[in-house]
$ cat coords13.pdb   # PDB, C-alpha atoms
ATOM      1  CA  MET L   1    -100.871  45.764 158.531  1.00  0.00           C
ATOM      2  CA  VAL L   2    -103.429  47.656 156.464  1.00  0.00           C
ATOM      3  CA  ASP L   3    -103.983  51.419 156.371  1.00  0.00           C
ATOM      4  CA  GLN L   4    -106.805  53.272 154.649  1.00  0.00           C
ATOM      5  CA  SER L   5    -105.497  55.951 152.272  1.00  0.00           C
ATOM      6  CA  ALA L   6    -107.827  58.948 152.319  1.00  0.00           C
ATOM      7  CA  LYS L   7    -106.041  60.413 149.319  1.00  0.00           C
ATOM      8  CA  HIS L   8    -106.457  57.440 147.008  1.00  0.00           C
ATOM      9  CA  GLY L   9    -109.398  55.620 148.589  1.00  0.00           C
ATOM     10  CA  LEU L  10    -107.785  52.188 148.518  1.00  0.00           C
ATOM     11  CA  LEU L  11    -106.013  49.921 150.917  1.00  0.00           C
ATOM     12  CA  ILE L  12    -102.244  50.425 151.122  1.00  0.00           C
ATOM     13  CA  MET L  13    -100.100  47.567 152.385  1.00  0.00           C
ATOM     14  CA  ARG L  14     -96.656  47.511 153.962  1.00  0.00           C
ATOM     15  CA  ASN L  15     -93.822  47.491 151.435  1.00  0.00           C
ATOM     16  CA  ASP L  16     -92.653  44.100 152.666  1.00  0.00           C
ATOM     17  CA  MET L  17     -95.937  42.573 151.522  1.00  0.00           C
ATOM     18  CA  TYR L  18     -95.021  43.112 147.866  1.00  0.00           C
ATOM     19  CA  ASN L  19     -92.576  40.226 147.774  1.00  0.00           C
ATOM     20  CA  SER L  20     -94.631  37.121 147.101  1.00  0.00           C
ATOM     21  CA  TYR L  21     -97.432  36.025 144.823  1.00  0.00           C
ATOM     22  CA  GLU L  22     -99.713  35.088 147.722  1.00  0.00           C
ATOM     23  CA  SER L  23     -99.331  38.441 149.458  1.00  0.00           C
ATOM     24  CA  ILE L  24     -99.980  40.345 146.216  1.00  0.00           C
ATOM     25  CA  LYS L  25    -103.123  38.300 145.700  1.00  0.00           C
ATOM     26  CA  GLN L  26    -104.278  39.439 149.133  1.00  0.00           C
ATOM     27  CA  ILE L  27    -103.480  43.052 148.274  1.00  0.00           C
ATOM     28  CA  LEU L  28    -105.597  42.773 145.139  1.00  0.00           C
ATOM     29  CA  LEU L  29    -108.493  41.226 147.048  1.00  0.00           C
ATOM     30  CA  HIS L  30    -108.360  44.154 149.485  1.00  0.00           C
ATOM     31  CA  SER L  31    -108.374  46.621 146.583  1.00  0.00           C
ATOM     32  CA  ILE L  32    -111.602  45.642 144.808  1.00  0.00           C
ATOM     33  CA  ASP L  33    -113.362  48.877 143.861  1.00  0.00           C
ATOM     34  CA  SER L  34    -115.800  47.948 141.084  1.00  0.00           C
ATOM     35  CA  SER L  35    -118.207  45.245 140.010  1.00  0.00           C
ATOM     36  CA  PRO L  36    -116.769  41.983 138.618  1.00  0.00           C
ATOM     37  CA  LYS L  37    -120.079  41.398 136.850  1.00  0.00           C
ATOM     38  CA  ALA L  38    -119.904  44.763 135.117  1.00  0.00           C
ATOM     39  CA  ALA L  39    -116.332  44.056 133.990  1.00  0.00           C
ATOM     40  CA  SER L  40    -117.360  40.638 132.710  1.00  0.00           C
ATOM     41  CA  ARG L  41    -120.123  42.192 130.615  1.00  0.00           C
ATOM     42  CA  PHE L  42    -117.847  44.947 129.308  1.00  0.00           C
ATOM     43  CA  PHE L  43    -115.140  42.481 128.257  1.00  0.00           C
ATOM     44  CA  LYS L  44    -117.589  40.040 126.666  1.00  0.00           C
ATOM     45  CA  THR L  45    -117.130  36.917 128.799  1.00  0.00           C
ATOM     46  CA  GLY L  46    -120.411  35.289 127.830  1.00  0.00           C
ATOM     47  CA  PRO L  47    -120.561  31.910 126.059  1.00  0.00           C
ATOM     48  CA  GLY L  48    -119.021  32.178 122.606  1.00  0.00           C
ATOM     49  CA  GLU L  49    -117.767  35.740 123.171  1.00  0.00           C
ATOM     50  CA  TYR L  50    -114.136  36.765 122.731  1.00  0.00           C
ATOM     51  CA  SER L  51    -113.310  36.650 126.484  1.00  0.00           C
ATOM     52  CA  GLU L  52    -115.434  33.648 127.360  1.00  0.00           C
ATOM     53  CA  CYS L  53    -112.886  32.199 129.795  1.00  0.00           C
ATOM     54  CA  ASP L  54    -111.701  35.428 131.422  1.00  0.00           C
ATOM     55  CA  GLN L  55    -112.524  36.245 135.038  1.00  0.00           C
ATOM     56  CA  PHE L  56    -112.447  39.555 136.902  1.00  0.00           C
ATOM     57  CA  LEU L  57    -111.928  40.605 140.502  1.00  0.00           C
ATOM     58  CA  GLY L  58    -113.348  44.099 139.986  1.00  0.00           C
ATOM     59  CA  ILE L  59    -110.380  46.493 140.222  1.00  0.00           C
ATOM     60  CA  LYS L  60    -110.153  49.726 138.232  1.00  0.00           C
ATOM     61  CA  MET L  61    -107.068  50.650 136.220  1.00  0.00           C
ATOM     62  CA  PRO L  62    -106.033  53.650 138.424  1.00  0.00           C
ATOM     63  CA  THR L  63    -105.999  51.355 141.449  1.00  0.00           C
ATOM     64  CA  LEU L  64    -103.934  48.746 139.609  1.00  0.00           C
ATOM     65  CA  ARG L  65    -101.414  51.385 138.565  1.00  0.00           C
ATOM     66  CA  LEU L  66    -101.018  52.520 142.178  1.00  0.00           C
ATOM     67  CA  ILE L  67    -100.385  48.930 143.226  1.00  0.00           C
ATOM     68  CA  ALA L  68     -97.959  48.445 140.326  1.00  0.00           C
ATOM     69  CA  LYS L  69     -95.771  51.266 141.654  1.00  0.00           C
ATOM     70  CA  LYS L  70     -95.125  49.089 144.693  1.00  0.00           C
ATOM     71  CA  CYS L  71     -94.370  46.079 142.473  1.00  0.00           C
ATOM     72  CA  ALA L  72     -91.502  47.629 140.549  1.00  0.00           C
ATOM     73  CA  ASN L  73     -88.965  45.007 141.583  1.00  0.00           C
ATOM     74  CA  LEU L  74     -91.015  41.826 141.277  1.00  0.00           C
ATOM     75  CA  SER L  75     -89.076  38.828 140.014  1.00  0.00           C
ATOM     76  CA  LEU L  76     -89.953  37.132 136.739  1.00  0.00           C
ATOM     77  CA  GLU L  77     -91.027  34.136 138.821  1.00  0.00           C
ATOM     78  CA  ILE L  78     -93.724  36.153 140.591  1.00  0.00           C
ATOM     79  CA  LEU L  79     -94.676  37.879 137.331  1.00  0.00           C
ATOM     80  CA  THR L  80     -95.088  34.443 135.756  1.00  0.00           C
ATOM     81  CA  ASN L  81     -97.530  33.453 138.510  1.00  0.00           C
ATOM     82  CA  LEU L  82     -99.499  36.652 137.969  1.00  0.00           C
ATOM     83  CA  LEU L  83     -99.524  36.205 134.185  1.00  0.00           C
ATOM     84  CA  HIS L  84    -100.807  32.647 134.522  1.00  0.00           C
ATOM     85  CA  SER L  85    -103.702  33.719 136.755  1.00  0.00           C
ATOM     86  CA  VAL L  86    -107.313  33.231 135.683  1.00  0.00           C
ATOM     87  CA  PHE L  87    -108.015  36.800 136.829  1.00  0.00           C
ATOM     88  CA  ASN L  88    -107.575  39.545 134.273  1.00  0.00           C
ATOM     89  CA  GLU L  89    -106.412  42.092 136.850  1.00  0.00           C
ATOM     90  CA  GLU L  90    -103.562  39.844 138.011  1.00  0.00           C
ATOM     91  CA  ARG L  91    -102.346  39.435 134.448  1.00  0.00           C
ATOM     92  CA  LEU L  92    -102.730  43.172 133.828  1.00  0.00           C
ATOM     93  CA  LEU L  93    -100.758  44.006 136.981  1.00  0.00           C
ATOM     94  CA  ALA L  94     -97.953  41.736 135.758  1.00  0.00           C
ATOM     95  CA  LEU L  95     -97.868  43.488 132.379  1.00  0.00           C
ATOM     96  CA  ILE L  96     -97.949  47.018 133.813  1.00  0.00           C
ATOM     97  CA  THR L  97     -95.043  46.021 136.067  1.00  0.00           C
ATOM     98  CA  LEU L  98     -93.198  44.368 133.189  1.00  0.00           C
ATOM     99  CA  VAL L  99     -93.511  47.485 131.027  1.00  0.00           C
ATOM    100  CA  ALA L 100     -92.136  49.642 133.842  1.00  0.00           C
ATOM    101  CA  GLN L 101     -89.222  47.253 134.337  1.00  0.00           C
ATOM    102  CA  TYR L 102     -88.485  47.171 130.600  1.00  0.00           C
ATOM    103  CA  GLN L 103     -88.402  50.952 130.328  1.00  0.00           C
ATOM    104  CA  LYS L 104     -85.786  51.206 133.091  1.00  0.00           C
ATOM    105  CA  ALA L 105     -83.748  48.121 132.166  1.00  0.00           C
ATOM    106  CA  ASN L 106     -80.298  47.839 130.630  1.00  0.00           C
ATOM    107  CA  PRO L 107     -79.992  46.142 127.194  1.00  0.00           C
ATOM    108  CA  ILE L 108     -79.378  42.670 128.662  1.00  0.00           C
ATOM    109  CA  LYS L 109     -82.415  42.885 130.926  1.00  0.00           C
ATOM    110  CA  LYS L 110     -84.541  44.274 128.076  1.00  0.00           C
ATOM    111  CA  GLU L 111     -83.642  41.247 125.975  1.00  0.00           C
ATOM    112  CA  GLU L 112     -84.671  38.975 128.838  1.00  0.00           C
ATOM    113  CA  ILE L 113     -88.018  40.744 129.267  1.00  0.00           C
ATOM    114  CA  TYR L 114     -88.660  40.656 125.507  1.00  0.00           C
ATOM    115  CA  HIS L 115     -88.207  36.868 125.393  1.00  0.00           C
ATOM    116  CA  PHE L 116     -90.237  36.467 128.587  1.00  0.00           C
ATOM    117  CA  TYR L 117     -93.087  38.377 126.931  1.00  0.00           C
ATOM    118  CA  LEU L 118     -93.019  36.150 123.850  1.00  0.00           C
ATOM    119  CA  LYS L 119     -92.763  33.004 125.971  1.00  0.00           C
ATOM    120  CA  ASN L 120     -95.935  33.988 127.838  1.00  0.00           C
ATOM    121  CA  VAL L 121     -97.812  35.477 124.908  1.00  0.00           C
ATOM    122  CA  ARG L 122    -100.722  33.038 125.199  1.00  0.00           C
ATOM    123  CA  HIS L 123    -101.552  34.574 128.581  1.00  0.00           C
ATOM    124  CA  ILE L 124    -101.795  38.075 127.071  1.00  0.00           C
ATOM    125  CA  ASN L 125    -105.301  37.226 126.016  1.00  0.00           C
ATOM    126  CA  ASN L 126    -107.576  40.222 126.216  1.00  0.00           C
ATOM    127  CA  TRP L 127    -107.518  43.580 124.493  1.00  0.00           C
ATOM    128  CA  ASN L 128    -106.703  45.558 127.660  1.00  0.00           C
ATOM    129  CA  LEU L 129    -103.676  43.319 128.258  1.00  0.00           C
ATOM    130  CA  VAL L 130    -102.454  43.665 124.677  1.00  0.00           C
ATOM    131  CA  ASP L 131    -103.024  47.408 124.451  1.00  0.00           C
ATOM    132  CA  SER L 132    -101.218  48.075 127.739  1.00  0.00           C
ATOM    133  CA  SER L 133     -98.062  46.235 126.778  1.00  0.00           C
ATOM    134  CA  ALA L 134     -97.450  45.270 123.139  1.00  0.00           C
ATOM    135  CA  HIS L 135     -96.050  48.542 121.790  1.00  0.00           C
ATOM    136  CA  HIS L 136     -94.143  49.264 125.012  1.00  0.00           C
ATOM    137  CA  ILE L 137     -92.265  45.934 124.923  1.00  0.00           C
ATOM    138  CA  LEU L 138     -92.427  44.296 121.468  1.00  0.00           C
ATOM    139  CA  GLY L 139     -92.632  47.533 119.532  1.00  0.00           C
ATOM    140  CA  SER L 140     -89.865  49.159 121.532  1.00  0.00           C
ATOM    141  CA  HIS L 141     -87.602  46.120 121.368  1.00  0.00           C
ATOM    142  CA  LEU L 142     -88.014  45.706 117.616  1.00  0.00           C
ATOM    143  CA  TRP L 143     -87.320  49.366 116.852  1.00  0.00           C
ATOM    144  CA  GLY L 144     -84.383  49.471 114.480  1.00  0.00           C
ATOM    145  CA  SER L 145     -84.145  45.676 114.179  1.00  0.00           C
ATOM    146  CA  GLU L 146     -85.643  42.707 112.322  1.00  0.00           C
ATOM    147  CA  ARG L 147     -89.445  42.653 112.680  1.00  0.00           C
ATOM    148  CA  LYS L 148     -90.418  39.404 110.984  1.00  0.00           C
ATOM    149  CA  ILE L 149     -91.872  38.128 114.271  1.00  0.00           C
ATOM    150  CA  LEU L 150     -94.696  40.656 113.825  1.00  0.00           C
ATOM    151  CA  VAL L 151     -95.624  39.181 110.443  1.00  0.00           C
ATOM    152  CA  ASN L 152     -95.704  35.717 112.014  1.00  0.00           C
ATOM    153  CA  LEU L 153     -97.942  36.971 114.826  1.00  0.00           C
ATOM    154  CA  ALA L 154    -100.217  38.773 112.343  1.00  0.00           C
ATOM    155  CA  LYS L 155    -100.754  35.470 110.516  1.00  0.00           C
ATOM    156  CA  SER L 156    -101.452  33.524 113.713  1.00  0.00           C
ATOM    157  CA  LYS L 157    -104.740  31.711 114.232  1.00  0.00           C
ATOM    158  CA  ASN L 158    -104.839  33.260 117.692  1.00  0.00           C
ATOM    159  CA  LEU L 159    -106.855  36.479 117.871  1.00  0.00           C
ATOM    160  CA  TRP L 160    -104.678  38.039 120.561  1.00  0.00           C
ATOM    161  CA  GLU L 161    -101.407  37.326 118.785  1.00  0.00           C
ATOM    162  CA  ARG L 162    -102.774  39.113 115.721  1.00  0.00           C
ATOM    163  CA  ARG L 163    -103.783  42.085 117.867  1.00  0.00           C
ATOM    164  CA  ILE L 164    -100.365  42.108 119.557  1.00  0.00           C
ATOM    165  CA  ALA L 165     -98.748  42.325 116.121  1.00  0.00           C
ATOM    166  CA  ILE L 166    -100.648  45.370 114.895  1.00  0.00           C
ATOM    167  CA  ILE L 167    -100.676  47.222 118.246  1.00  0.00           C
ATOM    168  CA  SER L 168     -96.902  46.772 118.518  1.00  0.00           C
ATOM    169  CA  THR L 169     -96.524  49.035 115.490  1.00  0.00           C
ATOM    170  CA  LEU L 170     -97.821  52.008 117.481  1.00  0.00           C
ATOM    171  CA  TYR L 171     -94.264  52.427 118.762  1.00  0.00           C
ATOM    172  CA  PHE L 172     -93.031  52.783 115.171  1.00  0.00           C
ATOM    173  CA  VAL L 173     -95.837  55.107 114.112  1.00  0.00           C
ATOM    174  CA  LYS L 174     -95.025  57.577 116.868  1.00  0.00           C
ATOM    175  CA  ARG L 175     -91.503  57.706 115.418  1.00  0.00           C
ATOM    176  CA  GLN L 176     -92.655  58.356 111.850  1.00  0.00           C
ATOM    177  CA  ASP L 177     -92.072  54.766 110.697  1.00  0.00           C
ATOM    178  CA  PHE L 178     -95.224  53.475 108.999  1.00  0.00           C
ATOM    179  CA  GLU L 179     -93.932  50.489 107.032  1.00  0.00           C
ATOM    180  CA  TYR L 180     -95.124  47.738 109.345  1.00  0.00           C
ATOM    181  CA  THR L 181     -98.443  49.340 110.197  1.00  0.00           C
ATOM    182  CA  ILE L 182     -99.206  49.343 106.480  1.00  0.00           C
ATOM    183  CA  LYS L 183     -97.756  45.864 105.919  1.00  0.00           C
ATOM    184  CA  LEU L 184     -99.731  44.285 108.766  1.00  0.00           C
ATOM    185  CA  SER L 185    -102.910  46.182 107.915  1.00  0.00           C
ATOM    186  CA  GLU L 186    -102.708  44.661 104.428  1.00  0.00           C
ATOM    187  CA  ILE L 187    -102.288  41.187 105.958  1.00  0.00           C
ATOM    188  CA  LEU L 188    -105.263  41.759 108.265  1.00  0.00           C
ATOM    189  CA  LEU L 189    -107.655  43.139 105.636  1.00  0.00           C
ATOM    190  CA  ASP L 190    -109.479  39.805 105.436  1.00  0.00           C
ATOM    191  CA  ASP L 191    -109.477  39.140 109.162  1.00  0.00           C
ATOM    192  CA  LYS L 192    -112.877  37.989 110.430  1.00  0.00           C
ATOM    193  CA  HIS L 193    -112.758  39.494 113.925  1.00  0.00           C
ATOM    194  CA  ASP L 194    -114.107  42.908 114.841  1.00  0.00           C
ATOM    195  CA  LEU L 195    -111.360  43.441 117.447  1.00  0.00           C
ATOM    196  CA  ILE L 196    -108.757  43.199 114.699  1.00  0.00           C
ATOM    197  CA  HIS L 197    -110.735  45.578 112.479  1.00  0.00           C
ATOM    198  CA  LYS L 198    -110.755  48.085 115.358  1.00  0.00           C
ATOM    199  CA  ALA L 199    -107.054  47.642 116.106  1.00  0.00           C
ATOM    200  CA  SER L 200    -105.971  47.979 112.470  1.00  0.00           C
ATOM    201  CA  GLY L 201    -108.199  51.001 111.976  1.00  0.00           C
ATOM    202  CA  TRP L 202    -106.824  52.577 115.129  1.00  0.00           C
ATOM    203  CA  MET L 203    -103.212  52.147 113.968  1.00  0.00           C
ATOM    204  CA  LEU L 204    -104.089  53.561 110.546  1.00  0.00           C
ATOM    205  CA  ARG L 205    -105.764  56.527 112.228  1.00  0.00           C
ATOM    206  CA  GLU L 206    -102.601  57.125 114.278  1.00  0.00           C
ATOM    207  CA  THR L 207    -100.617  56.909 111.038  1.00  0.00           C
ATOM    208  CA  GLY L 208    -102.863  59.555 109.505  1.00  0.00           C
ATOM    209  CA  LYS L 209    -102.332  61.852 112.485  1.00  0.00           C
ATOM    210  CA  GLN L 210     -98.587  61.646 111.884  1.00  0.00           C
ATOM    211  CA  ASN L 211     -98.649  61.649 108.079  1.00  0.00           C
ATOM    212  CA  PRO L 212    -102.037  62.056 106.352  1.00  0.00           C
ATOM    213  CA  ALA L 213    -100.575  61.223 102.936  1.00  0.00           C
ATOM    214  CA  VAL L 214     -99.645  57.687 104.048  1.00  0.00           C
ATOM    215  CA  LEU L 215    -103.180  57.038 105.298  1.00  0.00           C
ATOM    216  CA  ILE L 216    -104.770  58.502 102.148  1.00  0.00           C
ATOM    217  CA  ALA L 217    -102.552  56.323  99.948  1.00  0.00           C
ATOM    218  CA  PHE L 218    -103.683  53.230 101.877  1.00  0.00           C
ATOM    219  CA  LEU L 219    -107.343  54.250 101.646  1.00  0.00           C
ATOM    220  CA  GLU L 220    -107.116  54.896  97.921  1.00  0.00           C
ATOM    221  CA  GLN L 221    -105.788  51.396  97.377  1.00  0.00           C
ATOM    222  CA  TYR L 222    -107.832  49.404  99.885  1.00  0.00           C
ATOM    223  CA  CYS L 223    -110.928  51.383 100.852  1.00  0.00           C
ATOM    224  CA  LYS L 224    -113.337  49.131  98.962  1.00  0.00           C
ATOM    225  CA  ASN L 225    -111.821  46.005 100.546  1.00  0.00           C
ATOM    226  CA  MET L 226    -111.589  47.243 104.149  1.00  0.00           C
ATOM    227  CA  PRO L 227    -114.023  45.943 106.765  1.00  0.00           C
ATOM    228  CA  ARG L 228    -116.383  48.813 107.568  1.00  0.00           C
ATOM    229  CA  THR L 229    -115.287  49.034 111.220  1.00  0.00           C
ATOM    230  CA  MET L 230    -111.648  49.215 110.175  1.00  0.00           C
ATOM    231  CA  LEU L 231    -112.494  51.976 107.693  1.00  0.00           C
ATOM    232  CA  ARG L 232    -114.517  53.994 110.205  1.00  0.00           C
ATOM    233  CA  TYR L 233    -111.725  53.872 112.775  1.00  0.00           C
ATOM    234  CA  ALA L 234    -109.099  54.792 110.167  1.00  0.00           C
ATOM    235  CA  ILE L 235    -110.907  57.876 108.854  1.00  0.00           C
ATOM    236  CA  GLU L 236    -112.205  59.172 112.185  1.00  0.00           C
ATOM    237  CA  LYS L 237    -109.872  62.201 112.298  1.00  0.00           C
ATOM    238  CA  LEU L 238    -110.139  63.140 108.630  1.00  0.00           C
ATOM    239  CA  PRO L 239    -112.275  66.108 107.511  1.00  0.00           C
ATOM    240  CA  GLU L 240    -115.974  65.295 107.212  1.00  0.00           C
ATOM    241  CA  ASN L 241    -116.128  65.624 103.428  1.00  0.00           C
ATOM    242  CA  ILE L 242    -113.246  63.154 103.016  1.00  0.00           C
ATOM    243  CA  ARG L 243    -114.824  60.731 105.488  1.00  0.00           C
ATOM    244  CA  LYS L 244    -118.076  60.809 103.551  1.00  0.00           C
ATOM    245  CA  ARG L 245    -116.248  60.187 100.286  1.00  0.00           C
ATOM    246  CA  TYR L 246    -114.577  57.024 101.578  1.00  0.00           C
ATOM    247  CA  LEU L 247    -117.740  55.742 103.231  1.00  0.00           C
ATOM    248  CA  THR L 248    -119.568  56.239  99.939  1.00  0.00           C
ATOM    249  CA  MET L 249    -116.830  54.421  98.063  1.00  0.00           C
ATOM    250  CA  LYS L 250    -117.147  51.546 100.504  1.00  0.00           C
TER     251      LYS L 250
END
$ encode --input "coords13.pdb" --output "structure tokens"
Amino acid sequence: MVDQSAKHGLLIMRNDMYNSYESIKQILLHSIDSSPKAASRFFKTGPGEYSECDQFLGIKMPTLRLIAKKCANLSLEILTNLLHSVFNEERLLALITLVAQYQKANPIKKEEIYHFYLKNVRHINNWNLVDSSAHHILGSHLWGSERKILVNLAKSKNLWERRIAIISTLYFVKRQDFEYTIKLSEILLDDKHDLIHKASGWMLRETGKQNPAVLIAFLEQYCKNMPRTMLRYAIEKLPENIRKRYLTMK
């Protein structure tokens, strides 16, 4: 039933085991290759920290991606079970699979996956889950269409919904469309959470890599009001003398 793969160093199951939630749970338990305690520390699961309620099995991303290749045809019912799991890796496996399905889907199926994503958004509740999926599904689906949903998410009281909003704009940025990255970064200027400062700064940095003039225009207007972490992330790829100028202005 189980073979050891010398090439990948993880347990590989029969293809027919990738057809139920219970069997996939067993596959994941057989694939643990890191320390759950280390993951818990890295993702800040201590009392009062941003991932206080998250739990980890201890599975590295390369291993999860190998498993996801076998999960390409999972039903939305099984993906729902994975997304509702208390274990971060189960939710991440669901999202990696969902992204792969979306990218190969026809327009009708893409619409279904888009609404499924929004319906389950409260379970996309850590930065690795958001960053692995938001721009691939929400960003892609909203390309060339109405994007008001992103403004609503950016104004949410939920930390992860706000991060989903700004990370979704990465899809636009890579296609030379900066409007919503700028719009949402303006909305999030007064956000109190460091994870939002990092995400907004990251998207502004990506904007600057595509079009430095757009980033400079934003910095000229908002530098003095930007959280320092957001500013540092945004200017990271600028020449040193320009970085120093904006840090001094701040």
$ residues_around --input "coords13.pdb" --residues "Leu153 of chain L" --least-positions-apart "6" --cutoff "12 Å" --atoms "all atoms listed in the file" --output "ChimeraX atom specification"
/L:118,121-122,134,138,147,159-168,184,187-188
$ atom_distance --input "coords13.pdb" --atom1 "atom CA of Gly48 of chain L" --atom2 "atom CA of Asp190 of chain L"
21.1 Å
$ atom_distance --input "coords13.pdb" --atom1 "atom CA of Glu111 of chain L" --atom2 "atom CA of Ser185 of chain L"
26.9 Å
$ axis_aligned_box --input "coords13.pdb" --around "segment 53-66 of chain L" --padding-each-side "5 Å" --output "lines of an AutoDock Vina configuration file"
center_x = -107.2
center_y = 42.9
center_z = 136.0
size_x = 22.3
size_y = 31.5
size_z = 22.4
$ closest_residue --input "coords13.pdb" --among "L:Thr207, L:Asn158, L:Ser35, L:Gln101" --to "Thr181 of chain L" --atoms "only C-alpha atoms"
L:Thr207
$ closest_atom_pairs --input "coords13.pdb" --of "segment 157-180 of chain L" --to "segment 208-224 of chain L" --cutoff "9 Å" --atoms "all atoms listed in the file" --output "tab-separated table"
residue	atom	partner	partner_atom	distance
L:Val173	CA	L:Gln210	CA	7.4
L:Lys174	CA	L:Gln210	CA	7.4
L:Arg175	CA	L:Gln210	CA	8.8
L:Gln176	CA	L:Gln210	CA	6.8
L:Phe178	CA	L:Val214	CA	7.9
$ write_last_selection --input "coords13.pdb" --atoms "C-alpha atoms" --output "CSV table (one decimal), in the coordinates of the input"
chain,number,residue,atom,x,y,z
L,173,VAL,CA,-95.8,55.1,114.1
L,174,LYS,CA,-95.0,57.6,116.9
L,175,ARG,CA,-91.5,57.7,115.4
L,176,GLN,CA,-92.7,58.4,111.8
L,178,PHE,CA,-95.2,53.5,109.0
$ atom_distance --input "coords13.pdb" --atom1 "atom CA of Phe87 of chain L" --atom2 "atom CA of Leu74 of chain L"
18.3 Å
$ closest_residue --input "coords13.pdb" --among "L:Leu247, L:Ala39, L:Cys71, L:Ile27" --to "Leu57 of chain L" --atoms "all atoms listed in the file"
L:Ala39
$ closest_residue --input "coords13.pdb" --among "L:His84, L:Tyr102, L:Glu90, L:Gln55" --to "Ala72 of chain L" --atoms "all atoms listed in the file"
L:Tyr102
$ residues_around --input "coords13.pdb" --residues "Lys25 of chain L" --least-positions-apart "6" --cutoff "10 Å" --atoms "only C-alpha atoms" --output "number ranges by chain"
L: 18, 31, 82, 90
$ write_last_selection --input "coords13.pdb" --atoms "C-alpha atoms" --output "short mmCIF file (atom, residue, chain, number, x, y, z; two decimals), in the frame of the given file"
data_model
loop_
_atom_site.label_atom_id
_atom_site.label_comp_id
_atom_site.auth_asym_id
_atom_site.auth_seq_id
_atom_site.Cartn_x
_atom_site.Cartn_y
_atom_site.Cartn_z
CA TYR L 18 -95.02 43.11 147.87
CA SER L 31 -108.37 46.62 146.58
CA LEU L 82 -99.50 36.65 137.97
CA GLU L 90 -103.56 39.84 138.01
#
$ resolve_selection --input "coords13.pdb" --expression "the PyMOL selection byres ((chain L and resi 142) around 12)" --output "ChimeraX atom specification"
/L:110-111,114-115,134-141,143-150,165,168-172,180
$ residues_around --input "coords13.pdb" --residues "segment 229-231 of chain L" --least-positions-apart "5" --cutoff "9 Å" --atoms "only C-alpha atoms" --output "JSON list (two decimals) with C-alpha atoms, in the frame of the given file"
[["chain", "number", "residue", "atom", "x", "y", "z"],
["L", 189, "LEU", "CA", -107.66, 43.14, 105.64],
["L", 194, "ASP", "CA", -114.11, 42.91, 114.84],
["L", 196, "ILE", "CA", -108.76, 43.20, 114.70],
["L", 197, "HIS", "CA", -110.74, 45.58, 112.48],
["L", 198, "LYS", "CA", -110.76, 48.08, 115.36],
["L", 199, "ALA", "CA", -107.05, 47.64, 116.11],
["L", 200, "SER", "CA", -105.97, 47.98, 112.47],
["L", 201, "GLY", "CA", -108.20, 51.00, 111.98],
["L", 202, "TRP", "CA", -106.82, 52.58, 115.13],
["L", 204, "LEU", "CA", -104.09, 53.56, 110.55],
["L", 219, "LEU", "CA", -107.34, 54.25, 101.65],
["L", 223, "CYS", "CA", -110.93, 51.38, 100.85],
["L", 236, "GLU", "CA", -112.20, 59.17, 112.18],
["L", 246, "TYR", "CA", -114.58, 57.02, 101.58],
["L", 247, "LEU", "CA", -117.74, 55.74, 103.23],
["L", 250, "LYS", "CA", -117.15, 51.55, 100.50]]
$ decode --input "coords13.pdb" --residues "segment 76-87 of chain L" --atoms "N, CA and C atoms" --output "PDB file, in the first residue's frame"
ATOM      1  N   LEU L  76     -15.180  19.319  -4.832  1.00  0.00           N
ATOM      2  CA  LEU L  76     -15.324  20.455  -3.917  1.00  0.00           C
ATOM      3  C   LEU L  76     -15.768  19.984  -2.532  1.00  0.00           C
ATOM      4  N   GLU L  77     -16.438  18.863  -2.464  1.00  0.00           N
ATOM      5  CA  GLU L  77     -16.841  18.320  -1.159  1.00  0.00           C
ATOM      6  C   GLU L  77     -15.619  17.942  -0.339  1.00  0.00           C
ATOM      7  N   ILE L  78     -14.669  17.237  -0.952  1.00  0.00           N
ATOM      8  CA  ILE L  78     -13.453  16.860  -0.231  1.00  0.00           C
ATOM      9  C   ILE L  78     -12.613  18.097   0.070  1.00  0.00           C
ATOM     10  N   LEU L  79     -12.539  19.026  -0.880  1.00  0.00           N
ATOM     11  CA  LEU L  79     -11.789  20.262  -0.649  1.00  0.00           C
ATOM     12  C   LEU L  79     -12.394  21.073   0.491  1.00  0.00           C
ATOM     13  N   THR L  80     -13.714  21.019   0.626  1.00  0.00           N
ATOM     14  CA  THR L  80     -14.368  21.698   1.749  1.00  0.00           C
ATOM     15  C   THR L  80     -13.910  21.096   3.068  1.00  0.00           C
ATOM     16  N   ASN L  81     -13.876  19.764   3.140  1.00  0.00           N
ATOM     17  CA  ASN L  81     -13.412  19.095   4.364  1.00  0.00           C
ATOM     18  C   ASN L  81     -11.981  19.491   4.702  1.00  0.00           C
ATOM     19  N   LEU L  82     -11.125  19.538   3.689  1.00  0.00           N
ATOM     20  CA  LEU L  82      -9.738  19.937   3.918  1.00  0.00           C
ATOM     21  C   LEU L  82      -9.655  21.393   4.375  1.00  0.00           C
ATOM     22  N   LEU L  83     -10.429  22.263   3.747  1.00  0.00           N
ATOM     23  CA  LEU L  83     -10.395  23.687   4.097  1.00  0.00           C
ATOM     24  C   LEU L  83     -10.924  23.949   5.499  1.00  0.00           C
ATOM     25  N   HIS L  84     -11.787  23.087   5.984  1.00  0.00           N
ATOM     26  CA  HIS L  84     -12.372  23.279   7.314  1.00  0.00           C
ATOM     27  C   HIS L  84     -11.545  22.604   8.405  1.00  0.00           C
ATOM     28  N   SER L  85     -10.415  22.019   8.033  1.00  0.00           N
ATOM     29  CA  SER L  85      -9.564  21.328   8.995  1.00  0.00           C
ATOM     30  C   SER L  85      -8.902  22.308   9.960  1.00  0.00           C
ATOM     31  N   VAL L  86      -8.572  21.827  11.147  1.00  0.00           N
ATOM     32  CA  VAL L  86      -7.822  22.649  12.101  1.00  0.00           C
ATOM     33  C   VAL L  86      -6.352  22.709  11.722  1.00  0.00           C
ATOM     34  N   PHE L  87      -5.910  21.803  10.838  1.00  0.00           N
ATOM     35  CA  PHE L  87      -4.493  21.732  10.484  1.00  0.00           C
ATOM     36  C   PHE L  87      -4.191  22.595   9.264  1.00  0.00           C
TER      37      PHE L  87
END
